[in-house]
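Taking it in order: structure first as structure tokens, then the write-up.
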Amino acid sequence: MAGCEGCQGLNYYPFHLGDYAAHTAHLEPMEDLAYRRMLDLYYRTEKALPKDVSAIARLIRMVDCAATVRDVLNEFFTLSDDGWHSKRADDELTEMKTKQEQQATKDEHEADRLRRFRARRAEMFDALRAVGVVPAWDVAMKELQRLFDANCNAPETRMGALSEMDSQRLSLPTPTPTPVEKKPTAAPWLTVPELVADGLSQTLSADWLAHRRTRKAKLTRLAWDGFKAEVSKAGWQLDDAIRKAISRNWTAFEAEWVKTAGFQAVAAVTVPSIAADKTAELLRADEEHRAEVARQRALRQQEKAA
């Protein structure tokens with residue numbers, strides 16, 4: 001950092017606008033220019049300005065203003081054996097040199113720490129490879145230390161007292177894999193052919209599966225068997241029960257539903273169909289059923305709130 005003839009020193013120095021304005025408000029423009037250029041030269045070379053005023057004027061490119069340069073020197077600088085000094089600039093340079101020395105010491109300590117860190121990693125890698133453990137090249141230091149402690153830094157035992165050659169002959173035990181509990185396989189969806197085989201028509205089979213998929217209700221063999229049992233209990237035909245479930249947007253069928261809603265007598269006389277017009281009795285039964293469902297839902301909500 002030290003300045004010398006023909007070499008460049010600082011390329012930055014603190015410039016306090018308030019301090020400068022307070023001390024130079026009385027200067028003429030050429031005096032202000034001379035002072036600024038002399039400060040720049042002082043910080044750039046990091047040493048006192050030459051004793052010769054003419055030499056200073058030439059260095060700051062103001063040869064024709066030597067008298068102005070002399071006036072500024074006499075006001076803001078002090079002549080010493082080695083040249084013109086600025087107390088403020090000398091203080092700033094001393095502080096910067098101190099900071100640079102401190103930073104250099106800090107950088108040296110950090111470099112030394114990194115060297116020791118890398119040397120320690122290399123030692124642990126070599127020790128682990130010697131016992132057959134090969135960590136990943138980018139393993140974290142904490143994990144590397146754990147592996148080293150577990151494999152190379154354990155308390156000495158009878159096994160650890162063996163010679164190095166005998167230890168190398170020992171084979172590492174094969175680890176027993178931890179049994180993984182398999183999750184039960186979900187029951188498969190029934191297919192159209194399976195529903196047709198149970199007596200349902202081809203069209204209704206496809207409609208029923210599509211309806212349940214829309215409602216996200218999987219049709220398994222267990223669910224289908226339960227559906228058929230309720231249809232048989234209600235005394236309905238399977239096709240009629242499917243049509244009713246689709247028209248009512250049901251995914252299941254309960255014998256009690258149709259008995260409570262008054263559908264039993266209608267099923268014995270007519271065939272419920274999606275396309276058939278509903279009679280006044282069916283409309284009334286539907287409304288009663290909806291009211292019953294709403295009442296039960298309200299009761300459940302009250303129980304949960306309690």
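Ligands are numbered from 1 in the order shown, chains are lettered A, B, ... in the order of the structure tokens, and residues start at 1 in each chain.
The residue set within 9 Å of region 13-18 of chain A, counting only C-alpha atoms and dropping same-chain residues fewer than 2 places from it, reads Leu10, Asn11, Tyr20, Ala21, Ala22, His23, Asp40, Tyr43, Glu92, Leu93 and Met96 of chain A.
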Selection near Arg221 (chain A), 9 Å with only C-alpha atoms, sequence-local residues under 4 positions removed, as a list in words: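 Skipping anything fewer than 4 positions along the chain leaves Ala187, Pro188, Trp189, Leu190, Asp225 and Gly226 of chain A.
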Backbone DSSP call of strand (DSSP E or B) for region 65-172 of chain A, listed as a PyMOL selection string: chain A and resi 78-80+83-85
Using only C-alpha atoms, which protein or nucleic acid residues come within 8 Å of Cys152 (chain A)? Drop anything in the same chain fewer than 5 positions from it, and give the result as a compact mmCIF listing (two decimals) with N, CA and C atoms, in the first residue's frame.
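Once written, out_39.txt looks like this:
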```txt
# COMPACT_ATOMS: atom_id res chain seq x y z
N ALA A 127 -8.55 -42.71 6.74
CA ALA A 127 -8.80 -43.69 7.80
C ALA A 127 -10.06 -44.51 7.50
N LEU A 128 -11.09 -43.88 7.00
CA LEU A 128 -12.33 -44.59 6.69
C LEU A 128 -12.14 -45.56 5.52
N VAL A 131 -10.72 -48.91 6.43
CA VAL A 131 -11.60 -49.91 7.05
C VAL A 131 -12.79 -50.25 6.15
N LEU A 147 -19.01 -40.73 11.09
CA LEU A 147 -18.52 -41.98 10.52
C LEU A 147 -17.14 -42.34 11.05
```
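Take CA of Val196 (chain A) and CA of Leu219 (chain A): the distance between them is 14.1 Å.
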Selected residue of minimal separation from Arg129 (chain A) among A:Glu101, A:Leu144, A:Arg115, A:Ala294, counting only C-alpha atoms: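 Checking each candidate against Arg129 (chain A), we get A:Leu144 as the closest.
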Atomic distance CA of Phe76 (chain A) - CA of Asp52 (chain A), expressed in Å with one decimal: 15.9 Å
Which residue of A:Met124, A:Ala186, A:Val192, A:Ala234 approaches Thr260 (chain A) most closely, using only C-alpha atoms: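 With only C-alpha atoms as the atom set, the closest residue is A:Ala234.
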Which of region 141-255 of chain A DSSP labels helix (DSSP H, G or I), written as a ChimeraX atom specification: /A:141-151,164-169,192-197,202-214,221-234,238-247,255
Extract, using only C-alpha atoms, all DNA, RNA and protein residues at most 9 Å from Asp90 (chain A), discarding same-chain residues fewer than 3 positions from it, and format them as a PDB file with C-alpha atoms, in the first residue's frame.
```pdb
ATOM      1  CA  TYR A  43      -3.792   9.977  -1.287  1.00  0.00           C
ATOM      2  CA  GLU A  46       0.425   8.085   0.054  1.00  0.00           C
ATOM      3  CA  LYS A  47       3.214  10.487   0.927  1.00  0.00           C
ATOM      4  CA  ALA A  48       3.905  14.176   1.438  1.00  0.00           C
ATOM      5  CA  HIS A  85       2.005  17.330   4.910  1.00  0.00           C
ATOM      6  CA  SER A  86      -1.753  17.307   5.519  1.00  0.00           C
ATOM      7  CA  LYS A  87      -2.624  16.243   9.050  1.00  0.00           C
ATOM      8  CA  LEU A  93      -3.802   6.960   5.692  1.00  0.00           C
ATOM      9  CA  THR A  94      -2.667   5.680   9.085  1.00  0.00           C
ATOM     10  CA  GLU A  95      -6.152   4.380   9.861  1.00  0.00           C
TER      11      GLU A  95
END
```
